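Chemist: What follows is a single structure, and I will ask about it in a moment.
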Amino acid sequence: MNVAQRYRYLYKPLVFVAGIAPLAWLVCGATGAPWASLGPDPVKTLEHECGKTALNFLLLTLAVTPVRALLGVPQLLRLRRMLGLFAFFYAVAHFTVYLVLDLELNWPMLGADIAKRPYITIGFTALLLLVPLAATSTNGMMRRLGRRWASLHRLVYVVAILGVWHFYWQVKRDVREPLVYAGILALLLLYRVVRARSAARAPRGAAAPELTS
Amino acid sequence: MPTRVPRIAPSEITPPEVYFSRRTLLAGALAAGVSTLARGADEGAPAGTVPLHYTANPRYAVSEAPNKYAEIAGYNNFYEFGTDKDDPSRNARAFRTQPWSVRVDGEAEVRGTFTLEDILRGQSLEERIYRFRCVEAWSLVVPWVGFPLASLLARFKPTSRARYVEFTTLYDPSRMPGQRAAVLDWPYVEGLRMDEAMHPLTLMVVGLYGVVLPNQDGAPLRLIVPWKYGFKSIKSIVKIRFSETQPRTTWNLAAPNEYGFHANVNPAVDHPRWSQATERRIGAPFLAARRPTLPFNGYADQVASLYRGMDLRRDF
């Protein structure tokens with residue numbers, strides 16, 4: 001198999017299976033499989049696991065660019081769209097669990113939460129910002145948007161910052177885990193800042209690193 | 001091993017000194033009796049727990065069904081054993097509560113260090129089914145076993161200067177691994193006004209579902225103040241101090257705008273980061289767990305008069 005075939009028939013299906021594995025586990029737990037027990041408060045477990053899985057995929061998506069450059073595997077770009085779409089998928093699942101199972105479709109409470117609770121305001125904002133990114137993830141949209149596609153998709157940095165901030169703000173006291181997420185995100189963003197600076201300083205004519213990611 | 005708790009004639013009641021001994025377990029296992037609550041096999045205390053001798057107090061019951069033992073003992077906020085809800089049940093397994101003593105200090109005539117046996121001597125244990133409302137907007141219904149705090153505090157003869165009573169949890173990072181991280185300013189301290197402490201609803205708890213309190217629920221001695229948010233109901237108490245001034249309590253110090261000293265359950269005063277108007281009952285089926293939160297957690301008729309004239313929005 002050549003590189004394209006290996007990604008198409010091997011790596012992408014593997015990433016897909018890994019991507020739906022958390023969902024499969026949560027569905028088994030929610031339907032009562034004893035080996036996948038969600039504990040005495042399954043609603044919170046579903047809510048938190050979906051949210052954290054969304055953040056995990058968001059950070060993985062942002063890790064593609066540095067890993068490609070640092071390990072010299074440019075082909076990894078082929079996996080990035082799927083990782084990003086899984087981030088969106090789990091963010092939607094997180095919101096759905098919150099609205100349906102946690103709030104039990106209490107719409108006034110949803111409105112009050114979004115308006116009055118800053119951590120929910122920013123989490124909801126992050127979800128809304130993900131919608132145009134998911135909607136423009138197809139090849140056709142990439143072609144149609146041309147150079148504007150890359151500008152639009154820089155929103156993912158805002159989404160990631162809001163998402164980790166949302167996690168940090170909802171924790172009552174023990175912020176160690178959200179701080180780990182914040183630290184990883186900081187490194188991923190710092191890489192881009194450093195790279196952009198060195199690219200700006202690079203002499204004209206030198207091979208400039210790709211800036212569209 | 002039967003999980004039901006026998007009822008025994010007063011003459012047969014094991015002295016409090018041996019409440020927590022294996023002999024009690026044996027006596028309980030051999031005696032015949034009936035349970036005070038209708039409980040399914042999967043709801044009550046599991047085998048291996050130590051039965052207590054108590055009587056049910058029908059004055060303190062609620063219309064809702066109690067949570068299962070596994071829910072009460074598997075979903076805990078007890079940061080001394082970790083900050084996730086399932087940490088305490090795992091990390092408190094090896095915690096030893098014998099020997100245990102409680103230091104009594106401050107504005108009282110009787111001060112000193114008392115063993116747990118001293119504390120329990122002469123107290124008759126009763127079962128009370130209380131609602132339990134966490135500040136995080138989840139709730140349980142728990143059949144506690146204990147005795148009124150008032151009957152314990154009276155023995156120490158608090159002086160007229162005693163306006164508050166302060167409780168302190170054990171501080172021992174070698175036994176409470178959660179204390180190795182500075183998540184809170186250890187040791188955990190909570191407190192009540194004297195009138196709150198002497199209120200008949202305020203319970204000193206040593207058990208639940210008729211058995212000795214599981215470690216993760218605050219063994220061997222914890223407080224239950226059912227009209228206040230759960231963090232007021234301090235666990236694994238080693239110190240009781242009577243004072244003239246309001247105790248500096250742990251969560252209040254950690255975030256004064258989020259956790260008040262009084263911390264009365266109040267659906268009208270939101271936590272800054274979530275609504276307190278409703279709560280989710282742990283163990284309820286999907287889509288049927290959320291219910292309105294009641295003022296003073298449903299105990300307003302008994303305790304609202306304690307706060308007459310106070311602005312409960314300011315003194316939350």
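Scheme for the structure tokens: letters A, B, ... for chains in order shown; per-chain residue numbers from 1; ligand numbers from 1 in order shown.
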Residues of chain A near chain B: apply a cut-off of 6 Å, count only C-alpha atoms, and supply the list as a PyMOL selection string.
Modeler: chain A and resi 40-41+101+104+117+174
Chemist: Write out as a PyMOL selection string the residues lying within 8 Å of Leu188 in chain A, counting only C-alpha atoms and excluding same-chain residues fewer than 3 positions away.
Modeler: chain A and resi 62-63+66+184-185+191-192
Chemist: Please save C-alpha atoms of the selected residues as a compact mmCIF listing (two decimals), in the first residue's frame.
Modeler:
# COMPACT_ATOMS: atom_id res chain seq x y z
CA LEU A 62 -4.33 21.18 17.46
CA ALA A 63 -1.44 18.75 18.00
CA PRO A 66 3.36 20.55 15.58
CA ILE A 184 -1.09 21.42 26.99
CA LEU A 185 -3.14 24.03 25.14
CA TYR A 191 4.38 26.55 19.16
CA ARG A 192 2.33 28.54 16.66
Chemist: Can you work out which one of B:Gly44, B:Gly191, B:Pro51, B:Pro295 has the shortest atom-to-atom distance to Asn252 in chain B, counting only C-alpha atoms?
Modeler: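 Going through B:Gly44, B:Gly191, B:Pro51, B:Pro295 one by one, the smallest distance to Asn252 in chain B is for B:Gly191.
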Chemist: Would you list the contacts of Pro143 in chain B as a VMD selection string, taking every protein, DNA or RNA residue within 9 Å and counting only C-alpha atoms, but skipping same-chain residues closer than 3 positions in sequence?
Modeler: chain B and resid 61 66 to 67 127 to 131 207 to 210
Chemist: Grab the residues selected above and save them as a compact mmCIF listing (two decimals), in the first residue's frame with all heavy atoms.
Modeler:
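The resulting file, selection_27.txt, is reproduced below:
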# COMPACT_ATOMS: atom_id res chain seq x y z
N ALA B 61 -39.23 11.15 59.30
CA ALA B 61 -39.27 10.34 58.09
C ALA B 61 -39.67 11.27 56.96
O ALA B 61 -40.19 12.35 57.19
CB ALA B 61 -40.28 9.21 58.25
N PRO B 66 -35.82 6.21 50.43
CA PRO B 66 -34.39 6.44 50.68
C PRO B 66 -33.54 5.96 49.50
O PRO B 66 -33.94 5.06 48.76
CB PRO B 66 -34.08 5.61 51.91
CG PRO B 66 -35.38 5.12 52.43
CD PRO B 66 -36.39 5.22 51.34
N ASN B 67 -32.39 6.55 49.34
CA ASN B 67 -31.43 6.06 48.34
C ASN B 67 -30.88 4.72 48.78
O ASN B 67 -30.89 4.37 49.96
CB ASN B 67 -30.29 7.06 48.19
CG ASN B 67 -30.68 8.20 47.28
OD1 ASN B 67 -31.21 9.21 47.74
ND2 ASN B 67 -30.46 8.03 46.00
N GLU B 127 -32.83 5.89 64.36
CA GLU B 127 -32.75 6.06 62.92
C GLU B 127 -33.68 7.20 62.51
O GLU B 127 -34.84 7.25 62.93
CB GLU B 127 -33.17 4.79 62.19
CG GLU B 127 -33.13 4.95 60.67
CD GLU B 127 -33.51 3.67 59.93
OE1 GLU B 127 -34.72 3.37 59.89
OE2 GLU B 127 -32.62 3.00 59.43
N ARG B 128 -33.11 8.10 61.71
CA ARG B 128 -33.93 9.20 61.17
C ARG B 128 -33.69 9.26 59.66
O ARG B 128 -32.53 9.23 59.22
CB ARG B 128 -33.51 10.54 61.76
CG ARG B 128 -33.73 10.62 63.26
CD ARG B 128 -33.37 12.03 63.69
NE ARG B 128 -33.54 12.19 65.13
CZ ARG B 128 -33.49 13.36 65.74
NH1 ARG B 128 -33.28 14.46 65.02
NH2 ARG B 128 -33.64 13.46 67.04
N ILE B 129 -34.75 9.39 58.92
CA ILE B 129 -34.61 9.50 57.47
C ILE B 129 -34.69 10.98 57.11
O ILE B 129 -35.72 11.62 57.32
CB ILE B 129 -35.68 8.66 56.76
CG1 ILE B 129 -35.58 7.22 57.24
CG2 ILE B 129 -35.47 8.73 55.25
CD1 ILE B 129 -36.66 6.32 56.72
N TYR B 130 -33.58 11.48 56.61
CA TYR B 130 -33.46 12.90 56.29
C TYR B 130 -33.17 13.07 54.80
O TYR B 130 -32.49 12.25 54.20
CB TYR B 130 -32.27 13.52 57.02
CG TYR B 130 -32.48 13.92 58.47
CD1 TYR B 130 -31.37 14.13 59.28
CD2 TYR B 130 -33.74 14.12 59.00
CE1 TYR B 130 -31.49 14.52 60.61
CE2 TYR B 130 -33.88 14.52 60.33
CZ TYR B 130 -32.76 14.72 61.13
OH TYR B 130 -32.89 15.12 62.44
N ARG B 131 -33.64 14.20 54.26
CA ARG B 131 -33.15 14.63 52.96
C ARG B 131 -31.74 15.21 53.14
O ARG B 131 -31.44 15.83 54.16
CB ARG B 131 -34.06 15.73 52.38
CG ARG B 131 -35.26 15.22 51.63
CD ARG B 131 -36.08 16.39 51.10
NE ARG B 131 -36.70 17.10 52.22
CZ ARG B 131 -37.88 16.79 52.72
NH1 ARG B 131 -38.61 15.82 52.19
NH2 ARG B 131 -38.37 17.46 53.75
N GLY B 207 -23.97 5.98 62.00
CA GLY B 207 -24.30 4.87 61.11
C GLY B 207 -25.30 5.29 60.06
O GLY B 207 -25.85 6.40 60.07
N LEU B 208 -25.51 4.39 59.10
CA LEU B 208 -26.60 4.57 58.14
C LEU B 208 -27.08 3.19 57.72
O LEU B 208 -26.33 2.21 57.79
CB LEU B 208 -26.16 5.42 56.95
CG LEU B 208 -25.05 4.97 56.01
CD1 LEU B 208 -25.57 4.03 54.94
CD2 LEU B 208 -24.45 6.20 55.34
N TYR B 209 -28.33 3.12 57.34
CA TYR B 209 -28.96 1.83 57.01
C TYR B 209 -28.73 0.80 58.11
O TYR B 209 -28.54 -0.39 57.85
CB TYR B 209 -28.44 1.31 55.67
CG TYR B 209 -29.39 1.63 54.52
CD1 TYR B 209 -29.00 2.46 53.48
CD2 TYR B 209 -30.67 1.10 54.49
CE1 TYR B 209 -29.88 2.78 52.45
CE2 TYR B 209 -31.55 1.40 53.47
CZ TYR B 209 -31.15 2.24 52.45
OH TYR B 209 -32.02 2.53 51.44
N GLY B 210 -28.69 1.27 59.35
CA GLY B 210 -28.62 0.34 60.48
C GLY B 210 -27.26 -0.23 60.76
O GLY B 210 -27.11 -1.06 61.65
Chemist: Could you give me the residues within range 23-53 of chain A that DSSP places in alpha helix (DSSP H), as a ChimeraX atom specification?
Modeler: /A:23-30,42-53
Chemist: Just to confirm, what's the straight-line distance from CA of Leu26 in chain A to CA of Phe88 in chain A in Å (one decimal)?
Modeler: 17.0 Å
Chemist: Need to verify the contact set: Pro99 in chain B, 9 Å, only C-alpha atoms, exclusion of same-chain residues closer than 3 positions in sequence. Can you return it as a list in words?
Modeler: Arg96, Thr115 and Leu116 of chain B
Chemist: Residues as selected, C-alpha atoms, written as a PDB file, in the first residue's frame, can you do that?
Modeler:
ATOM      1  CA  ARG B  96      -8.938   2.778  60.684  1.00  0.00           C
ATOM      2  CA  THR B 115     -12.772   8.350  73.577  1.00  0.00           C
ATOM      3  CA  LEU B 116     -15.477   7.491  71.095  1.00  0.00           C
TER       4      LEU B 116
END
Chemist: To test your reading of the structure, identify every residue in range 71-172 of chain B that backbone DSSP assigns to strand (DSSP E or B), and report it as a PDB file with N, CA, C and O atoms, in the first residue's frame.
Modeler:
ATOM      1  N   SER B 101     -10.600   9.441  69.333  1.00  0.00           N
ATOM      2  CA  SER B 101     -10.952  10.298  70.461  1.00  0.00           C
ATOM      3  C   SER B 101     -11.303  11.692  69.956  1.00  0.00           C
ATOM      4  O   SER B 101     -10.938  12.084  68.846  1.00  0.00           O
ATOM      5  N   VAL B 102     -12.028  12.398  70.783  1.00  0.00           N
ATOM      6  CA  VAL B 102     -12.524  13.734  70.442  1.00  0.00           C
ATOM      7  C   VAL B 102     -12.094  14.688  71.554  1.00  0.00           C
ATOM      8  O   VAL B 102     -12.326  14.422  72.731  1.00  0.00           O
ATOM      9  N   ARG B 103     -11.431  15.779  71.153  1.00  0.00           N
ATOM     10  CA  ARG B 103     -11.011  16.780  72.135  1.00  0.00           C
ATOM     11  C   ARG B 103     -12.095  17.844  72.249  1.00  0.00           C
ATOM     12  O   ARG B 103     -12.592  18.343  71.230  1.00  0.00           O
ATOM     13  N   VAL B 104     -12.475  18.146  73.488  1.00  0.00           N
ATOM     14  CA  VAL B 104     -13.497  19.163  73.731  1.00  0.00           C
ATOM     15  C   VAL B 104     -12.825  20.346  74.413  1.00  0.00           C
ATOM     16  O   VAL B 104     -12.091  20.165  75.379  1.00  0.00           O
ATOM     17  N   ASP B 105     -13.073  21.525  73.888  1.00  0.00           N
ATOM     18  CA  ASP B 105     -12.262  22.684  74.245  1.00  0.00           C
ATOM     19  C   ASP B 105     -13.135  23.939  74.266  1.00  0.00           C
ATOM     20  O   ASP B 105     -14.237  23.930  73.749  1.00  0.00           O
ATOM     21  N   GLY B 106     -12.605  24.997  74.828  1.00  0.00           N
ATOM     22  CA  GLY B 106     -13.257  26.294  74.712  1.00  0.00           C
ATOM     23  C   GLY B 106     -14.209  26.604  75.846  1.00  0.00           C
ATOM     24  O   GLY B 106     -13.988  26.191  76.994  1.00  0.00           O
ATOM     25  N   ALA B 108     -16.579  25.893  77.828  1.00  0.00           N
ATOM     26  CA  ALA B 108     -17.403  24.850  78.438  1.00  0.00           C
ATOM     27  C   ALA B 108     -16.767  24.440  79.757  1.00  0.00           C
ATOM     28  O   ALA B 108     -15.552  24.530  79.930  1.00  0.00           O
ATOM     29  N   GLY B 112     -11.673  18.393  77.703  1.00  0.00           N
ATOM     30  CA  GLY B 112     -10.744  17.267  77.776  1.00  0.00           C
ATOM     31  C   GLY B 112     -10.854  16.392  76.554  1.00  0.00           C
ATOM     32  O   GLY B 112     -11.529  16.731  75.585  1.00  0.00           O
ATOM     33  N   THR B 113     -10.171  15.256  76.623  1.00  0.00           N
ATOM     34  CA  THR B 113     -10.183  14.330  75.494  1.00  0.00           C
ATOM     35  C   THR B 113     -11.037  13.125  75.864  1.00  0.00           C
ATOM     36  O   THR B 113     -10.869  12.549  76.947  1.00  0.00           O
ATOM     37  N   PHE B 114     -11.945  12.796  74.984  1.00  0.00           N
ATOM     38  CA  PHE B 114     -12.894  11.722  75.254  1.00  0.00           C
ATOM     39  C   PHE B 114     -12.770  10.661  74.173  1.00  0.00           C
ATOM     40  O   PHE B 114     -12.671  10.991  72.983  1.00  0.00           O
ATOM     41  N   THR B 115     -12.785   9.409  74.584  1.00  0.00           N
ATOM     42  CA  THR B 115     -12.772   8.350  73.577  1.00  0.00           C
ATOM     43  C   THR B 115     -14.145   8.292  72.920  1.00  0.00           C
ATOM     44  O   THR B 115     -15.138   8.822  73.443  1.00  0.00           O
ATOM     45  N   GLU B 126     -30.883   6.316  67.340  1.00  0.00           N
ATOM     46  CA  GLU B 126     -32.150   6.281  66.627  1.00  0.00           C
ATOM     47  C   GLU B 126     -31.901   6.446  65.137  1.00  0.00           C
ATOM     48  O   GLU B 126     -30.899   7.018  64.720  1.00  0.00           O
ATOM     49  N   GLU B 127     -32.828   5.886  64.362  1.00  0.00           N
ATOM     50  CA  GLU B 127     -32.751   6.064  62.917  1.00  0.00           C
ATOM     51  C   GLU B 127     -33.677   7.200  62.513  1.00  0.00           C
ATOM     52  O   GLU B 127     -34.836   7.249  62.930  1.00  0.00           O
ATOM     53  N   ARG B 128     -33.114   8.098  61.708  1.00  0.00           N
ATOM     54  CA  ARG B 128     -33.929   9.195  61.165  1.00  0.00           C
ATOM     55  C   ARG B 128     -33.687   9.256  59.663  1.00  0.00           C
ATOM     56  O   ARG B 128     -32.534   9.228  59.216  1.00  0.00           O
ATOM     57  N   ILE B 129     -34.754   9.385  58.922  1.00  0.00           N
ATOM     58  CA  ILE B 129     -34.611   9.496  57.471  1.00  0.00           C
ATOM     59  C   ILE B 129     -34.694  10.976  57.112  1.00  0.00           C
ATOM     60  O   ILE B 129     -35.719  11.621  57.325  1.00  0.00           O
ATOM     61  N   TYR B 130     -33.576  11.481  56.612  1.00  0.00           N
ATOM     62  CA  TYR B 130     -33.460  12.898  56.285  1.00  0.00           C
ATOM     63  C   TYR B 130     -33.171  13.071  54.796  1.00  0.00           C
ATOM     64  O   TYR B 130     -32.486  12.250  54.196  1.00  0.00           O
ATOM     65  N   ARG B 131     -33.644  14.202  54.262  1.00  0.00           N
ATOM     66  CA  ARG B 131     -33.148  14.632  52.956  1.00  0.00           C
ATOM     67  C   ARG B 131     -31.740  15.207  53.140  1.00  0.00           C
ATOM     68  O   ARG B 131     -31.445  15.830  54.160  1.00  0.00           O
ATOM     69  N   PHE B 132     -30.901  15.000  52.140  1.00  0.00           N
ATOM     70  CA  PHE B 132     -29.540  15.525  52.160  1.00  0.00           C
ATOM     71  C   PHE B 132     -29.332  16.296  50.870  1.00  0.00           C
ATOM     72  O   PHE B 132     -29.461  15.743  49.789  1.00  0.00           O
ATOM     73  N   ARG B 133     -29.036  17.592  50.991  1.00  0.00           N
ATOM     74  CA  ARG B 133     -28.927  18.445  49.795  1.00  0.00           C
ATOM     75  C   ARG B 133     -27.509  19.009  49.723  1.00  0.00           C
ATOM     76  O   ARG B 133     -27.071  19.757  50.598  1.00  0.00           O
ATOM     77  N   TRP B 138     -27.222  18.381  43.958  1.00  0.00           N
ATOM     78  CA  TRP B 138     -27.728  17.015  43.924  1.00  0.00           C
ATOM     79  C   TRP B 138     -28.206  16.655  45.325  1.00  0.00           C
ATOM     80  O   TRP B 138     -27.843  17.329  46.298  1.00  0.00           O
ATOM     81  N   SER B 139     -29.037  15.627  45.410  1.00  0.00           N
ATOM     82  CA  SER B 139     -29.600  15.299  46.722  1.00  0.00           C
ATOM     83  C   SER B 139     -29.769  13.804  46.892  1.00  0.00           C
ATOM     84  O   SER B 139     -29.790  13.041  45.918  1.00  0.00           O
ATOM     85  N   LEU B 140     -29.884  13.421  48.157  1.00  0.00           N
ATOM     86  CA  LEU B 140     -30.084  12.029  48.545  1.00  0.00           C
ATOM     87  C   LEU B 140     -31.159  12.001  49.631  1.00  0.00           C
ATOM     88  O   LEU B 140     -31.473  13.020  50.232  1.00  0.00           O
ATOM     89  N   VAL B 141     -31.702  10.810  49.894  1.00  0.00           N
ATOM     90  CA  VAL B 141     -32.512  10.592  51.097  1.00  0.00           C
ATOM     91  C   VAL B 141     -31.815   9.468  51.857  1.00  0.00           C
ATOM     92  O   VAL B 141     -31.556   8.405  51.295  1.00  0.00           O
ATOM     93  N   VAL B 142     -31.465   9.742  53.126  1.00  0.00           N
ATOM     94  CA  VAL B 142     -30.570   8.833  53.843  1.00  0.00           C
ATOM     95  C   VAL B 142     -31.170   8.416  55.189  1.00  0.00           C
ATOM     96  O   VAL B 142     -31.565   9.273  55.982  1.00  0.00           O
ATOM     97  N   PRO B 143     -31.220   7.127  55.462  1.00  0.00           N
ATOM     98  CA  PRO B 143     -31.586   6.680  56.817  1.00  0.00           C
ATOM     99  C   PRO B 143     -30.355   6.676  57.723  1.00  0.00           C
ATOM    100  O   PRO B 143     -29.605   5.697  57.774  1.00  0.00           O
ATOM    101  N   TRP B 144     -30.145   7.799  58.407  1.00  0.00           N
ATOM    102  CA  TRP B 144     -28.990   7.914  59.310  1.00  0.00           C
ATOM    103  C   TRP B 144     -29.276   7.216  60.628  1.00  0.00           C
ATOM    104  O   TRP B 144     -30.437   7.106  61.049  1.00  0.00           O
ATOM    105  N   VAL B 145     -28.236   6.821  61.327  1.00  0.00           N
ATOM    106  CA  VAL B 145     -28.366   6.342  62.701  1.00  0.00           C
ATOM    107  C   VAL B 145     -27.474   7.231  63.560  1.00  0.00           C
ATOM    108  O   VAL B 145     -26.281   7.398  63.261  1.00  0.00           O
ATOM    109  N   GLY B 146     -28.070   7.794  64.613  1.00  0.00           N
ATOM    110  CA  GLY B 146     -27.281   8.683  65.466  1.00  0.00           C
ATOM    111  C   GLY B 146     -28.074   9.124  66.671  1.00  0.00           C
ATOM    112  O   GLY B 146     -29.038   8.450  67.073  1.00  0.00           O
ATOM    113  N   PHE B 147     -27.671  10.268  67.234  1.00  0.00           N
ATOM    114  CA  PHE B 147     -28.349  10.791  68.416  1.00  0.00           C
ATOM    115  C   PHE B 147     -28.294  12.309  68.336  1.00  0.00           C
ATOM    116  O   PHE B 147     -27.412  12.860  67.657  1.00  0.00           O
ATOM    117  N   PRO B 148     -29.212  13.000  68.992  1.00  0.00           N
ATOM    118  CA  PRO B 148     -29.215  14.459  68.872  1.00  0.00           C
ATOM    119  C   PRO B 148     -27.906  15.057  69.385  1.00  0.00           C
ATOM    120  O   PRO B 148     -27.425  14.690  70.456  1.00  0.00           O
ATOM    121  N   PRO B 158     -21.687  23.872  78.263  1.00  0.00           N
ATOM    122  CA  PRO B 158     -21.194  25.117  77.663  1.00  0.00           C
ATOM    123  C   PRO B 158     -21.537  26.313  78.543  1.00  0.00           C
ATOM    124  O   PRO B 158     -22.613  26.350  79.147  1.00  0.00           O
ATOM    125  N   TYR B 164     -21.071  29.860  69.695  1.00  0.00           N
ATOM    126  CA  TYR B 164     -20.884  29.009  68.517  1.00  0.00           C
ATOM    127  C   TYR B 164     -20.207  27.717  68.951  1.00  0.00           C
ATOM    128  O   TYR B 164     -19.571  27.659  70.007  1.00  0.00           O
ATOM    129  N   VAL B 165     -20.353  26.700  68.115  1.00  0.00           N
ATOM    130  CA  VAL B 165     -19.569  25.485  68.328  1.00  0.00           C
ATOM    131  C   VAL B 165     -18.871  25.143  67.019  1.00  0.00           C
ATOM    132  O   VAL B 165     -19.445  25.235  65.934  1.00  0.00           O
ATOM    133  N   GLU B 166     -17.589  24.822  67.162  1.00  0.00           N
ATOM    134  CA  GLU B 166     -16.737  24.571  65.995  1.00  0.00           C
ATOM    135  C   GLU B 166     -16.323  23.099  66.010  1.00  0.00           C
ATOM    136  O   GLU B 166     -16.014  22.547  67.056  1.00  0.00           O
ATOM    137  N   PHE B 167     -16.330  22.483  64.843  1.00  0.00           N
ATOM    138  CA  PHE B 167     -15.937  21.080  64.714  1.00  0.00           C
ATOM    139  C   PHE B 167     -14.735  20.984  63.779  1.00  0.00           C
ATOM    140  O   PHE B 167     -14.636  21.740  62.809  1.00  0.00           O
ATOM    141  N   THR B 168     -13.857  20.052  64.068  1.00  0.00           N
ATOM    142  CA  THR B 168     -12.676  19.867  63.223  1.00  0.00           C
ATOM    143  C   THR B 168     -12.564  18.395  62.829  1.00  0.00           C
ATOM    144  O   THR B 168     -12.761  17.498  63.653  1.00  0.00           O
ATOM    145  N   THR B 169     -12.235  18.174  61.557  1.00  0.00           N
ATOM    146  CA  THR B 169     -12.005  16.816  61.044  1.00  0.00           C
ATOM    147  C   THR B 169     -10.572  16.398  61.349  1.00  0.00           C
ATOM    148  O   THR B 169      -9.683  17.251  61.449  1.00  0.00           O
TER     149      THR B 169
END
Chemist: Given only C-alpha atoms as the basis, pick out the residue of A:Val158, A:Leu59, A:Val67, A:Ala126 nearest to Val180 in chain A.
Modeler: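 Nearest to Val180 in chain A: A:Leu59.
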Chemist: Using CA of Val50 in chain B and CA of Leu153 in chain B as the two end points, give the distance in Å to one decimal.
Modeler: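 Those two atoms sit 26.3 Å apart.
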Chemist: Calculated over only C-alpha atoms, which of the candidates A:Val193, A:Ala160, A:Leu14, A:Ile122 has the smallest distance to Tyr181 in chain A?
Modeler: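 With only C-alpha atoms as the atom set, the closest residue is A:Ala160.
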Chemist: Please, what distance in Å, to one decimal, runs between CA of Leu187 in chain A and CA of Leu23 in chain A?
Modeler: 28.0 Å
Chemist: Pick from B:Gln276, B:Glu109, B:Arg193, B:Leu221: nearest to Arg291 in chain B, with only C-alpha atoms counted?
Modeler: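 Among the listed residues, B:Gln276 lies closest to Arg291 in chain B.
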